[in-house]
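Source file work-v2.tsv; content: TSV, C-alpha atoms.
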```tsv
chain	number	residue	atom	x	y	z
A	1	MET	CA	-14.57	-4.09	8.99
A	2	GLU	CA	-13.40	-4.88	12.51
A	3	ALA	CA	-9.86	-5.56	13.72
A	4	VAL	CA	-8.63	-6.73	17.12
A	5	HIS	CA	-5.03	-5.83	17.83
A	6	PHE	CA	-3.12	-7.22	20.82
A	7	GLY	CA	-0.56	-4.72	22.07
A	8	ALA	CA	-1.41	-1.02	22.44
A	9	GLY	CA	2.20	0.10	22.72
A	10	ASN	CA	3.99	2.46	20.35
A	11	ILE	CA	4.43	-0.17	17.61
A	12	GLY	CA	0.84	-1.33	17.91
A	13	ARG	CA	-0.58	2.18	17.66
A	14	GLY	CA	2.00	3.81	15.40
A	15	PHE	CA	2.51	1.02	12.88
A	16	ILE	CA	-0.06	-1.78	12.71
A	17	GLY	CA	-2.96	0.20	14.18
A	18	LEU	CA	-2.35	3.04	11.73
A	19	LEU	CA	-2.16	0.71	8.70
A	20	LEU	CA	-5.32	-1.14	9.77
A	21	HIS	CA	-7.10	2.20	10.13
A	22	GLN	CA	-5.91	3.27	6.67
A	23	ALA	CA	-7.19	-0.05	5.28
A	24	GLY	CA	-10.68	0.76	6.57
A	25	TYR	CA	-10.83	-1.12	9.87
A	26	SER	CA	-12.17	0.02	13.21
A	27	VAL	CA	-9.52	-1.19	15.64
A	28	THR	CA	-9.97	-2.54	19.16
A	29	PHE	CA	-6.67	-2.57	21.05
A	30	VAL	CA	-6.18	-5.21	23.73
A	31	ASP	CA	-3.56	-4.58	26.42
A	32	VAL	CA	-2.97	-4.63	30.18
A	33	ASN	CA	-1.81	-1.00	30.41
A	34	ASP	CA	-4.68	0.68	32.27
A	35	GLU	CA	-3.64	4.22	31.39
A	36	VAL	CA	-3.46	3.57	27.64
A	37	ILE	CA	-6.66	1.52	27.53
A	38	LYS	CA	-8.57	4.15	29.52
A	39	ALA	CA	-7.39	6.89	27.13
A	40	LEU	CA	-8.42	4.84	24.07
A	41	LYS	CA	-11.87	4.25	25.56
A	42	GLU	CA	-12.40	7.91	26.39
A	43	ARG	CA	-10.98	9.54	23.27
A	44	ARG	CA	-11.51	6.90	20.56
A	45	SER	CA	-8.65	8.42	18.56
A	46	TYR	CA	-4.94	9.23	18.68
A	47	THR	CA	-2.29	11.03	16.63
A	48	VAL	CA	0.67	9.51	14.78
A	49	HIS	CA	3.51	11.88	13.86
A	50	VAL	CA	5.94	11.05	11.04
A	51	ALA	CA	9.55	11.88	11.89
A	52	SER	CA	10.71	13.66	8.73
A	53	ASP	CA	11.35	17.15	7.38
A	54	GLU	CA	7.69	17.37	6.32
A	55	GLN	CA	6.53	16.65	9.90
A	56	SER	CA	3.22	15.21	8.70
A	57	SER	CA	0.76	13.51	11.04
A	58	TYR	CA	-2.25	11.18	10.91
A	59	GLU	CA	-5.34	11.05	13.07
A	60	VAL	CA	-6.39	7.48	13.81
A	61	ASN	CA	-10.03	7.31	14.85
A	62	ALA	CA	-12.74	4.65	15.31
A	63	VAL	CA	-10.55	2.92	17.90
A	64	ASN	CA	-11.34	1.33	21.25
A	65	GLY	CA	-9.42	-0.30	24.08
A	66	LEU	CA	-9.98	-3.39	26.22
A	67	ASN	CA	-8.02	-4.62	29.22
A	68	SER	CA	-7.39	-8.34	28.79
A	69	LYS	CA	-7.12	-8.84	32.56
A	70	THR	CA	-10.30	-7.09	33.66
A	71	GLU	CA	-12.45	-7.25	30.52
A	72	GLU	CA	-11.84	-10.79	29.32
A	73	LYS	CA	-15.46	-11.37	28.30
A	74	LYS	CA	-15.48	-8.25	26.11
A	75	VAL	CA	-12.19	-9.36	24.52
A	76	PHE	CA	-13.77	-12.73	23.62
A	77	GLU	CA	-16.74	-10.91	22.08
A	78	ALA	CA	-14.44	-8.67	20.02
A	79	ILE	CA	-12.49	-11.69	18.76
A	80	ARG	CA	-15.72	-13.46	17.79
A	81	SER	CA	-16.79	-10.61	15.52
A	82	ALA	CA	-13.37	-9.59	14.14
A	83	ASP	CA	-12.38	-9.77	10.48
A	84	ILE	CA	-8.70	-9.72	11.37
A	85	ILE	CA	-6.64	-10.26	14.53
A	86	THR	CA	-3.11	-8.86	14.77
A	87	THR	CA	-0.44	-8.68	17.46
A	88	ALA	CA	2.53	-6.52	18.43
A	89	VAL	CA	3.21	-7.72	21.96
A	90	GLY	CA	6.77	-9.00	21.64
A	91	PRO	CA	7.63	-12.64	20.81
A	92	ALA	CA	7.94	-13.66	24.46
A	93	ALA	CA	4.35	-12.59	25.18
A	94	LEU	CA	2.71	-14.69	22.44
A	95	PRO	CA	2.16	-17.69	24.77
A	96	MET	CA	0.39	-15.35	27.20
A	97	ILE	CA	-2.23	-14.18	24.71
A	98	ALA	CA	-2.72	-17.61	23.08
A	99	PRO	CA	-5.38	-18.87	25.54
A	100	ILE	CA	-7.43	-15.69	25.09
A	101	ILE	CA	-7.31	-15.99	21.30
A	102	ALA	CA	-8.12	-19.70	21.47
A	103	LYS	CA	-11.19	-19.12	23.62
A	104	GLY	CA	-12.29	-16.26	21.38
A	105	ILE	CA	-12.05	-18.12	18.08
A	106	LYS	CA	-13.79	-21.17	19.59
A	107	GLY	CA	-16.83	-18.94	19.95
A	108	ARG	CA	-16.98	-18.13	16.24
A	109	THR	CA	-19.93	-20.30	15.25
A	110	ASP	CA	-21.25	-18.31	12.29
A	111	GLY	CA	-18.61	-19.45	9.81
A	112	LYS	CA	-17.29	-15.89	9.33
A	113	LEU	CA	-13.67	-15.91	8.17
A	114	VAL	CA	-10.90	-14.35	10.25
A	115	ASN	CA	-7.16	-14.03	9.66
A	116	ILE	CA	-4.58	-13.88	12.43
A	117	ILE	CA	-1.22	-12.16	11.83
A	118	ALA	CA	1.49	-11.82	14.47
A	119	CYS	CA	3.47	-8.67	13.65
A	120	GLU	CA	6.55	-9.36	15.74
A	121	ASN	CA	10.33	-9.05	15.45
A	122	ALA	CA	10.75	-12.80	15.10
A	123	ILE	CA	10.86	-15.33	12.28
A	124	ARG	CA	7.41	-16.81	11.52
A	125	ALA	CA	5.88	-15.46	14.69
A	126	THR	CA	2.38	-16.30	13.45
A	127	SER	CA	3.34	-19.97	13.16
A	128	THR	CA	4.59	-19.78	16.74
A	129	LEU	CA	1.33	-18.20	17.85
A	130	ARG	CA	-0.68	-20.81	15.96
A	131	ASN	CA	1.14	-23.61	17.77
A	132	GLU	CA	0.46	-21.92	21.10
A	133	VAL	CA	-3.23	-21.36	20.30
A	134	PHE	CA	-3.68	-24.97	19.17
A	135	GLN	CA	-2.56	-26.19	22.60
A	136	TYR	CA	-5.90	-24.90	23.90
A	137	LEU	CA	-8.04	-26.50	21.17
A	138	SER	CA	-9.26	-30.09	20.94
A	139	ASP	CA	-8.81	-32.04	17.70
A	140	ASP	CA	-12.51	-31.55	16.93
A	141	GLU	CA	-12.25	-27.80	17.51
A	142	LYS	CA	-9.23	-27.59	15.22
A	143	LEU	CA	-11.21	-29.34	12.46
A	144	GLU	CA	-14.17	-27.01	12.96
A	145	LEU	CA	-11.95	-23.95	12.58
A	146	GLU	CA	-10.08	-25.25	9.53
A	147	GLY	CA	-11.00	-23.11	6.56
A	148	VAL	CA	-12.46	-20.46	8.87
A	149	VAL	CA	-9.37	-19.16	10.70
A	150	GLY	CA	-6.22	-18.25	8.78
A	151	PHE	CA	-2.75	-17.87	10.30
A	152	ALA	CA	-0.52	-15.82	7.99
A	153	ASP	CA	3.16	-15.23	8.71
A	154	ALA	CA	4.49	-11.74	8.14
A	155	ALA	CA	7.62	-9.61	8.15
A	156	VAL	CA	7.22	-6.16	9.68
A	157	ASP	CA	9.59	-3.22	9.69
A	158	ARG	CA	9.18	0.28	11.07
A	159	ILE	CA	11.25	2.12	13.64
A	160	VAL	CA	8.98	3.48	16.36
A	161	PRO	CA	11.22	5.25	18.88
A	162	SER	CA	10.35	6.24	22.42
A	163	VAL	CA	9.62	9.97	22.17
A	164	ALA	CA	8.65	11.93	25.28
A	165	SER	CA	5.11	13.28	25.14
A	166	GLU	CA	2.53	14.47	27.65
A	167	ASP	CA	-0.08	12.63	25.57
A	168	VAL	CA	-0.10	8.93	26.49
A	169	LEU	CA	-1.49	7.97	23.06
A	170	GLU	CA	0.58	10.21	20.81
A	171	VAL	CA	3.27	8.30	18.92
A	172	THR	CA	6.09	9.14	16.50
A	173	VAL	CA	7.20	6.84	13.66
A	174	GLU	CA	9.76	6.93	10.87
A	175	PRO	CA	8.50	7.41	7.28
A	176	PHE	CA	9.72	4.00	6.06
A	177	TYR	CA	7.73	0.85	6.72
A	178	GLU	CA	7.21	-2.65	5.34
A	179	TRP	CA	4.42	-5.08	6.16
A	180	ILE	CA	4.96	-8.22	4.07
A	181	VAL	CA	2.37	-11.00	4.41
A	182	GLU	CA	2.60	-14.56	3.10
A	183	LYS	CA	-0.47	-15.23	0.96
A	184	SER	CA	-0.66	-18.98	1.57
A	185	GLY	CA	-1.68	-18.52	5.21
A	186	LEU	CA	-4.63	-16.25	4.49
A	187	ILE	CA	-8.25	-17.38	4.39
A	188	GLY	CA	-10.58	-15.67	1.91
A	189	ASP	CA	-10.16	-14.28	-1.58
A	190	HIS	CA	-10.07	-10.56	-0.89
A	191	VAL	CA	-8.30	-9.87	2.38
A	192	GLN	CA	-8.10	-6.12	2.93
A	193	LEU	CA	-4.73	-5.06	4.33
A	194	GLY	CA	-4.28	-1.75	2.56
A	195	LYS	CA	-0.59	-0.98	2.11
A	196	ALA	CA	0.65	-4.45	3.05
A	197	MET	CA	2.65	-6.38	0.43
A	198	PHE	CA	1.60	-9.97	-0.31
A	199	VAL	CA	4.24	-12.56	-1.30
A	200	ASP	CA	4.22	-16.28	-2.10
A	201	ASP	CA	7.31	-17.18	-0.05
A	202	LEU	CA	8.18	-15.13	3.01
A	203	ASP	CA	11.43	-16.83	4.00
A	204	ALA	CA	13.75	-14.71	1.88
A	205	TYR	CA	12.12	-11.46	3.05
A	206	LEU	CA	12.24	-12.56	6.68
A	207	ALA	CA	15.94	-13.27	6.31
A	208	ARG	CA	16.58	-9.96	4.51
A	209	LYS	CA	14.84	-8.00	7.26
A	210	LEU	CA	16.46	-9.94	10.10
A	211	PHE	CA	19.97	-9.89	8.62
A	212	THR	CA	19.87	-6.25	7.48
A	213	VAL	CA	17.48	-4.15	9.54
A	214	ASN	CA	17.71	-6.02	12.84
A	215	THR	CA	21.39	-6.92	12.50
A	216	GLY	CA	22.41	-3.37	11.59
A	217	HIS	CA	20.40	-1.81	14.40
A	218	ALA	CA	21.90	-4.24	16.91
A	219	VAL	CA	25.46	-3.69	15.68
A	220	ALA	CA	25.09	0.09	16.02
A	221	ALA	CA	23.49	-0.15	19.47
A	222	TYR	CA	25.96	-2.57	21.05
A	223	ALA	CA	29.01	-0.85	19.55
A	224	GLY	CA	27.54	2.48	20.65
A	225	TYR	CA	27.00	1.21	24.18
A	226	ARG	CA	30.62	0.10	24.55
A	227	ALA	CA	31.77	3.45	23.19
A	228	GLY	CA	29.64	5.37	25.69
A	229	LYS	CA	27.12	6.70	23.16
A	230	LYS	CA	23.56	7.45	24.25
A	231	SER	CA	21.69	7.17	20.95
A	232	VAL	CA	21.98	5.18	17.74
A	233	LEU	CA	22.34	8.51	15.92
A	234	ASP	CA	25.33	9.44	18.10
A	235	ALA	CA	26.83	6.01	17.52
A	236	LEU	CA	26.64	6.31	13.74
A	237	ALA	CA	28.22	9.76	13.86
A	238	ASP	CA	31.37	7.91	14.96
A	239	ARG	CA	33.11	6.75	11.78
A	240	ARG	CA	34.54	3.67	13.47
A	241	ILE	CA	31.09	2.51	14.54
A	242	GLU	CA	29.58	3.22	11.12
A	243	ALA	CA	32.42	1.20	9.56
A	244	HIS	CA	31.62	-1.64	11.95
A	245	VAL	CA	27.94	-1.52	10.96
A	246	ARG	CA	28.82	-1.52	7.26
A	247	GLY	CA	31.25	-4.38	7.77
A	248	ALA	CA	28.63	-6.52	9.50
A	249	LEU	CA	25.99	-5.75	6.88
A	250	LYS	CA	28.38	-6.63	4.06
A	251	GLU	CA	28.89	-9.99	5.77
A	252	THR	CA	25.14	-10.61	5.99
A	253	SER	CA	24.57	-9.25	2.47
A	254	ASN	CA	26.90	-11.90	1.07
A	255	LEU	CA	24.78	-14.52	2.81
A	256	LEU	CA	21.53	-13.02	1.48
A	257	VAL	CA	22.85	-12.93	-2.09
A	258	ASN	CA	24.39	-16.40	-2.08
A	259	ASP	CA	21.82	-18.30	0.00
A	260	TYR	CA	18.55	-16.41	-0.46
A	261	GLY	CA	18.73	-15.29	-4.07
A	262	PHE	CA	18.75	-11.51	-3.71
A	263	GLU	CA	20.49	-9.63	-6.50
A	264	ALA	CA	23.76	-8.12	-5.26
A	265	GLY	CA	23.12	-4.60	-6.55
A	266	MET	CA	19.59	-4.48	-5.11
A	267	GLN	CA	20.81	-5.75	-1.75
A	268	ALA	CA	23.55	-3.10	-1.69
A	269	MET	CA	20.92	-0.41	-2.32
A	270	TYR	CA	18.70	-1.87	0.39
A	271	MET	CA	21.63	-1.86	2.83
A	272	GLU	CA	22.32	1.83	2.15
A	273	LYS	CA	18.63	2.67	2.62
A	274	ILE	CA	18.65	0.92	6.00
A	275	ILE	CA	21.78	2.75	7.19
A	276	GLU	CA	20.24	6.09	6.16
A	277	ARG	CA	17.13	5.22	8.18
A	278	TYR	CA	19.26	4.85	11.29
A	279	LYS	CA	20.69	8.32	10.63
A	280	ASN	CA	17.29	10.03	10.63
A	281	PRO	CA	17.90	13.04	12.92
A	282	TYR	CA	14.28	12.94	14.05
A	283	LEU	CA	14.70	9.45	15.50
A	284	GLN	CA	16.63	9.72	18.75
A	285	ASP	CA	16.52	6.00	19.56
A	286	THR	CA	18.66	5.11	22.58
A	287	VAL	CA	21.23	2.34	22.46
A	288	SER	CA	19.78	0.96	25.70
A	289	ARG	CA	16.31	0.57	24.17
A	290	VAL	CA	17.59	-1.03	20.97
A	291	GLY	CA	19.97	-3.29	22.88
A	292	ARG	CA	17.58	-4.54	25.54
A	293	GLY	CA	16.74	-8.23	25.53
A	294	PRO	CA	20.34	-9.39	24.87
A	295	ILE	CA	19.60	-13.04	25.64
A	296	ARG	CA	16.95	-13.24	22.94
A	297	LYS	CA	19.19	-11.39	20.51
A	298	LEU	CA	21.99	-13.92	21.03
A	299	GLY	CA	19.61	-16.77	20.23
A	300	ALA	CA	20.48	-19.39	17.61
A	301	ASN	CA	17.89	-18.09	15.12
A	302	GLU	CA	18.43	-14.42	15.78
A	303	ARG	CA	20.07	-11.45	14.04
A	304	LEU	CA	23.69	-12.11	15.05
A	305	VAL	CA	24.26	-15.79	15.73
A	306	LYS	CA	22.25	-17.16	12.82
A	307	PRO	CA	24.17	-15.34	10.05
A	308	ALA	CA	27.52	-15.66	11.85
A	309	LYS	CA	26.95	-19.39	12.31
A	310	ALA	CA	26.06	-19.87	8.63
A	311	LEU	CA	29.12	-17.93	7.47
A	312	CYS	CA	31.46	-19.83	9.80
A	313	GLU	CA	30.09	-23.11	8.50
A	314	LYS	CA	31.08	-21.94	5.00
A	315	GLY	CA	34.63	-21.45	6.23
A	316	GLU	CA	34.36	-17.66	6.36
A	317	ASN	CA	35.36	-15.35	9.20
A	318	PRO	CA	32.54	-12.86	9.95
A	319	GLU	CA	34.75	-10.65	12.11
A	320	TYR	CA	32.25	-7.81	12.45
A	321	LEU	CA	29.41	-10.09	13.53
A	322	ILE	CA	31.72	-11.84	15.99
A	323	GLY	CA	32.83	-8.46	17.33
A	324	THR	CA	29.19	-7.55	17.87
A	325	ILE	CA	28.57	-10.78	19.77
A	326	ILE	CA	31.41	-9.76	22.10
A	327	ASN	CA	29.82	-6.32	22.48
A	328	VAL	CA	26.49	-7.89	23.45
A	329	LEU	CA	28.20	-9.80	26.25
A	330	HIS	CA	29.41	-6.46	27.65
A	331	PHE	CA	25.94	-4.87	27.44
A	332	HIS	CA	23.69	-4.04	30.37
A	333	ALA	CA	20.54	-1.91	30.39
A	334	GLU	CA	18.79	-0.71	33.52
A	335	ASN	CA	15.35	-2.19	34.20
A	336	ASP	CA	15.89	-4.93	31.62
A	337	ALA	CA	15.35	-8.42	33.02
A	338	GLU	CA	17.43	-10.12	30.31
A	339	SER	CA	20.37	-7.80	30.92
A	340	GLU	CA	20.28	-8.64	34.60
A	341	LYS	CA	19.97	-12.36	33.92
A	342	MET	CA	22.88	-12.32	31.46
A	343	LYS	CA	24.99	-10.37	33.95
A	344	ASN	CA	24.35	-13.03	36.59
A	345	MET	CA	25.19	-15.80	34.12
A	346	ILE	CA	28.48	-14.10	33.23
A	347	ASN	CA	29.35	-13.62	36.90
A	348	ASP	CA	28.65	-17.31	37.45
A	349	LYS	CA	30.41	-18.93	34.48
A	350	GLY	CA	32.11	-16.28	32.37
A	351	MET	CA	31.35	-14.76	28.97
A	352	TYR	CA	32.26	-17.71	26.78
A	353	GLU	CA	30.14	-20.30	28.60
A	354	THR	CA	27.32	-17.77	28.86
A	355	PHE	CA	27.44	-17.29	25.09
A	356	ARG	CA	27.47	-21.03	24.46
A	357	SER	CA	24.59	-21.55	26.87
A	358	ILE	CA	22.45	-18.85	25.23
A	359	SER	CA	23.31	-19.72	21.61
A	360	GLY	CA	23.21	-23.49	22.10
A	361	LEU	CA	26.45	-23.92	20.15
A	362	ASP	CA	28.69	-26.93	20.65
A	363	GLU	CA	32.19	-26.01	21.81
A	364	LYS	CA	33.59	-27.48	18.58
A	365	HIS	CA	31.47	-25.26	16.32
A	366	PRO	CA	33.67	-22.79	14.40
A	367	LEU	CA	31.65	-19.82	15.67
A	368	ALA	CA	32.07	-20.91	19.29
A	369	ILE	CA	35.79	-21.33	18.70
A	370	ALA	CA	36.04	-17.89	17.05
A	371	VAL	CA	34.17	-16.20	19.91
A	372	LYS	CA	36.40	-17.91	22.47
A	373	GLU	CA	39.52	-16.74	20.64
A	374	ARG	CA	38.26	-13.15	20.46
A	375	LEU	CA	37.44	-13.15	24.16
A	376	GLN	CA	41.00	-14.27	24.90
A	377	ASP	CA	42.60	-11.51	22.81
```
Written as structure tokens, how would this file's structure read?
Amino acid sequence: MEAVHFGAGNIGRGFIGLLLHQAGYSVTFVDVNDEVIKALKERRSYTVHVASDEQSSYEVNAVNGLNSKTEEKKVFEAIRSADIITTAVGPAALPMIAPIIAKGIKGRTDGKLVNIIACENAIRATSTLRNEVFQYLSDDEKLELEGVVGFADAAVDRIVPSVASEDVLEVTVEPFYEWIVEKSGLIGDHVQLGKAMFVDDLDAYLARKLFTVNTGHAVAAYAGYRAGKKSVLDALADRRIEAHVRGALKETSNLLVNDYGFEAGMQAMYMEKIIERYKNPYLQDTVSRVGRGPIRKLGANERLVKPAKALCEKGENPEYLIGTIINVLHFHAENDAESEKMKNMINDKGMYETFRSISGLDEKHPLAIAVKERLQD
């Protein structure tokens, strides 16, 4: 079986690439990083280390690399023969790879089925990718591909920290992972995805992941940044910051139980598991890496504003989420375009108007009012 994976970064290699390999696929990575692609071509394998007391590792072989800028024709050929196409490029890059995927799947004339799954930190990223791909297809081409190309939404979860290594391909991952795929988007009766979990309705799981894993990580990082901490681990060693994380996750847990149907006891256990993951001493994830992209993370459908907005509309006061929103507005990471852009916005019109501009909230919305009041304290 053949897989094409867009994004040869740490998440692509250490998470999705590893799971595809374990499911029996030979994996062709597509990226624009010359150094990584060259190493994949030459070595055809790489090592994944698991950050735990056991210190186990996996050798991922039968891999290849293609540069989408200089080897476009070969990328098209790989797409045309693939059984599955996956991505881990970051949500903002999906529009950039859409024309390549569109041209590749247009060349599939043999009727062979292929499934496309965007494995991104965003809600229904595959649906977003599908919409982008369809912009490059005519109505007739869309009809021809119906029943041949599947677009399945997924929720993905694995911490893959930046760990210094002399080996450009070597990657370290945490032991925990989840790859949850919505069955209705898949084409074919027996899609092989190994350790992936298939569900009928992804929405609840997307919300659980976003409001627990992503929210908690963000809360720890932004609180840690304001407190002068370097890593998420250092941040959580501070009892005040851990209490802030727990407070925010209790706020989102109430939303998950009441609005998404999760059982309270199970959600409490899940929350504790997530907090313990952040405390893994082998994962020295920096607050600057976790916090980068603050504009996206203050978006209306993202990890902080979406749950805070929903709770405010219920008449509740999510003080820990609101406090985190304030912390985001104080955040700045070097070499992060969004941090620089947000800084310029704040210099131009202040924190409150910057928040409203990014979140899209009306000034009369209770969350906007609450943020304004906190900024004035």
Spatial neighbours of A:Glu272, max dist 9 Å, all atoms listed in the file, sep filter under 5 positions, as a list in words: Arg246, Gln267 and Arg277 of chain A
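Distances here use only C-alpha atoms; by that measure, the residue among A:Pro91, A:Pro175, A:Gly7, A:Gly188 closest to A:Leu113 is A:Gly188.
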A:His49, A:Lys364, A:Lys229, A:Lys314 ranked by distance to A:Asp259, top pick (using only C-alpha atoms): A:Lys314
Selection near A:Thr87, 6 Å with all atoms listed in the file, sequence-local residues under 6 positions removed, as a PyMOL selection string: chain A and resi 5-6+118-119
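Excluding stretch 125-139 of chain A itself and any same-chain residue fewer than 4 positions from it, the protein and nucleic acid residues within 9 Å of it, counting only C-alpha atoms, are Pro91, Leu94, Pro95, Met96, Ile97, Ala98, Pro99, Ile100, Ile101, Ala102, Lys103, Lys106, Ile116, Ile117, Ala118, Cys119, Glu120, Asn121, Leu143, Glu144, Phe151, Ala152, Asp153, Ala154 and Ala155 of chain A.
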Just-selected residues, C-alpha atoms written as a PDB file, in the frame of the given file:
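Result went into out_37.pdb, see below:
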```pdb
ATOM      1  CA  PRO A  91       7.630 -12.640  20.810  1.00  0.00           C
ATOM      2  CA  LEU A  94       2.710 -14.690  22.440  1.00  0.00           C
ATOM      3  CA  PRO A  95       2.160 -17.690  24.770  1.00  0.00           C
ATOM      4  CA  MET A  96       0.390 -15.350  27.200  1.00  0.00           C
ATOM      5  CA  ILE A  97      -2.230 -14.180  24.710  1.00  0.00           C
ATOM      6  CA  ALA A  98      -2.720 -17.610  23.080  1.00  0.00           C
ATOM      7  CA  PRO A  99      -5.380 -18.870  25.540  1.00  0.00           C
ATOM      8  CA  ILE A 100      -7.430 -15.690  25.090  1.00  0.00           C
ATOM      9  CA  ILE A 101      -7.310 -15.990  21.300  1.00  0.00           C
ATOM     10  CA  ALA A 102      -8.120 -19.700  21.470  1.00  0.00           C
ATOM     11  CA  LYS A 103     -11.190 -19.120  23.620  1.00  0.00           C
ATOM     12  CA  LYS A 106     -13.790 -21.170  19.590  1.00  0.00           C
ATOM     13  CA  ILE A 116      -4.580 -13.880  12.430  1.00  0.00           C
ATOM     14  CA  ILE A 117      -1.220 -12.160  11.830  1.00  0.00           C
ATOM     15  CA  ALA A 118       1.490 -11.820  14.470  1.00  0.00           C
ATOM     16  CA  CYS A 119       3.470  -8.670  13.650  1.00  0.00           C
ATOM     17  CA  GLU A 120       6.550  -9.360  15.740  1.00  0.00           C
ATOM     18  CA  ASN A 121      10.330  -9.050  15.450  1.00  0.00           C
ATOM     19  CA  LEU A 143     -11.210 -29.340  12.460  1.00  0.00           C
ATOM     20  CA  GLU A 144     -14.170 -27.010  12.960  1.00  0.00           C
ATOM     21  CA  PHE A 151      -2.750 -17.870  10.300  1.00  0.00           C
ATOM     22  CA  ALA A 152      -0.520 -15.820   7.990  1.00  0.00           C
ATOM     23  CA  ASP A 153       3.160 -15.230   8.710  1.00  0.00           C
ATOM     24  CA  ALA A 154       4.490 -11.740   8.140  1.00  0.00           C
ATOM     25  CA  ALA A 155       7.620  -9.610   8.150  1.00  0.00           C
TER      26      ALA A 155
END
```
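Note that the spacing between atom CA of A:Ile84 and atom CA of A:Leu186 amounts to 10.3 Å.
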Top pick for closest residue to A:Ile105, considering A:Arg80, A:Arg124, A:Lys183, A:Arg226 and counting only C-alpha atoms: A:Arg80
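Selection around (14.7, 6.7, 18.0) with radius 9 Å, counting only C-alpha atoms, yields the residues A:Ile159, A:Val160, A:Pro161, A:Ser162, A:Val163, A:Val173, A:Glu174, A:Ser231, A:Val232, A:Leu233, A:Tyr278, A:Asn280, A:Pro281, A:Tyr282, A:Leu283, A:Gln284, A:Asp285, A:Thr286, A:Arg289, A:Val290.
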I need every residue sitting at most 12 Å from the point (-9.2, -9.1, 1.5) (coordinates as in the file, only C-alpha atoms considered), written as an mmCIF file with C-alpha atoms, in the coordinates of the input.
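result.cif written:
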```cif
data_model
loop_
_atom_site.group_PDB
_atom_site.id
_atom_site.type_symbol
_atom_site.label_atom_id
_atom_site.label_comp_id
_atom_site.auth_asym_id
_atom_site.auth_seq_id
_atom_site.Cartn_x
_atom_site.Cartn_y
_atom_site.Cartn_z
ATOM 1 C CA MET A 1 -14.570 -4.090 8.990
ATOM 2 C CA ALA A 23 -7.190 -0.050 5.280
ATOM 3 C CA GLY A 24 -10.680 0.760 6.570
ATOM 4 C CA TYR A 25 -10.830 -1.120 9.870
ATOM 5 C CA ASP A 83 -12.380 -9.770 10.480
ATOM 6 C CA ILE A 84 -8.700 -9.720 11.370
ATOM 7 C CA LEU A 113 -13.670 -15.910 8.170
ATOM 8 C CA VAL A 114 -10.900 -14.350 10.250
ATOM 9 C CA ASN A 115 -7.160 -14.030 9.660
ATOM 10 C CA LYS A 183 -0.470 -15.230 0.960
ATOM 11 C CA LEU A 186 -4.630 -16.250 4.490
ATOM 12 C CA ILE A 187 -8.250 -17.380 4.390
ATOM 13 C CA GLY A 188 -10.580 -15.670 1.910
ATOM 14 C CA ASP A 189 -10.160 -14.280 -1.580
ATOM 15 C CA HIS A 190 -10.070 -10.560 -0.890
ATOM 16 C CA VAL A 191 -8.300 -9.870 2.380
ATOM 17 C CA GLN A 192 -8.100 -6.120 2.930
ATOM 18 C CA LEU A 193 -4.730 -5.060 4.330
ATOM 19 C CA GLY A 194 -4.280 -1.750 2.560
ATOM 20 C CA LYS A 195 -0.590 -0.980 2.110
ATOM 21 C CA ALA A 196 0.650 -4.450 3.050
ATOM 22 C CA PHE A 198 1.600 -9.970 -0.310
#
```
Length of the atom CA of A:Asp201 to atom CA of A:Ser184 vector [Å]: 8.3 Å
d(atom CA of A:Ile326, atom CA of A:Ala223) in Å: 9.6 Å
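Distance annotation: of A:Thr70, A:Thr86, A:Asn347, A:Asn335, the residue with the minimal separation from A:Ala3 is A:Thr86; atom set is all atoms listed in the file.
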Selection: 9 Å around A:Arg208, only C-alpha atoms, excl. self and same-chain fewer than 3 positions, as a PyMOL selection string: chain A and resi 203-205+211-213+252-253+256+260+262+267
N, CA and C atoms modelled onto stretch 226-234 of chain A, as a tab-separated table (two decimals), in the coordinates of the input:
```tsv
chain	number	residue	atom	x	y	z
A	226	ARG	N	29.24	0.28	24.08
A	226	ARG	CA	30.62	0.10	24.55
A	226	ARG	C	31.45	1.37	24.37
A	227	ALA	N	31.04	2.21	23.42
A	227	ALA	CA	31.77	3.45	23.19
A	227	ALA	C	31.20	4.61	24.01
A	228	GLY	N	30.20	4.33	24.83
A	228	GLY	CA	29.64	5.37	25.69
A	228	GLY	C	28.65	6.29	25.01
A	229	LYS	N	28.10	5.88	23.87
A	229	LYS	CA	27.12	6.70	23.16
A	229	LYS	C	25.73	6.50	23.76
A	230	LYS	N	24.91	7.54	23.70
A	230	LYS	CA	23.56	7.45	24.25
A	230	LYS	C	22.53	7.01	23.22
A	231	SER	N	22.68	7.48	21.98
A	231	SER	CA	21.69	7.17	20.95
A	231	SER	C	22.34	6.46	19.77
A	232	VAL	N	21.50	5.82	18.96
A	232	VAL	CA	21.98	5.18	17.74
A	232	VAL	C	22.52	6.24	16.79
A	233	LEU	N	21.89	7.40	16.77
A	233	LEU	CA	22.34	8.51	15.92
A	233	LEU	C	23.75	8.94	16.32
A	234	ASP	N	23.99	9.09	17.61
A	234	ASP	CA	25.33	9.44	18.10
A	234	ASP	C	26.35	8.36	17.73
```
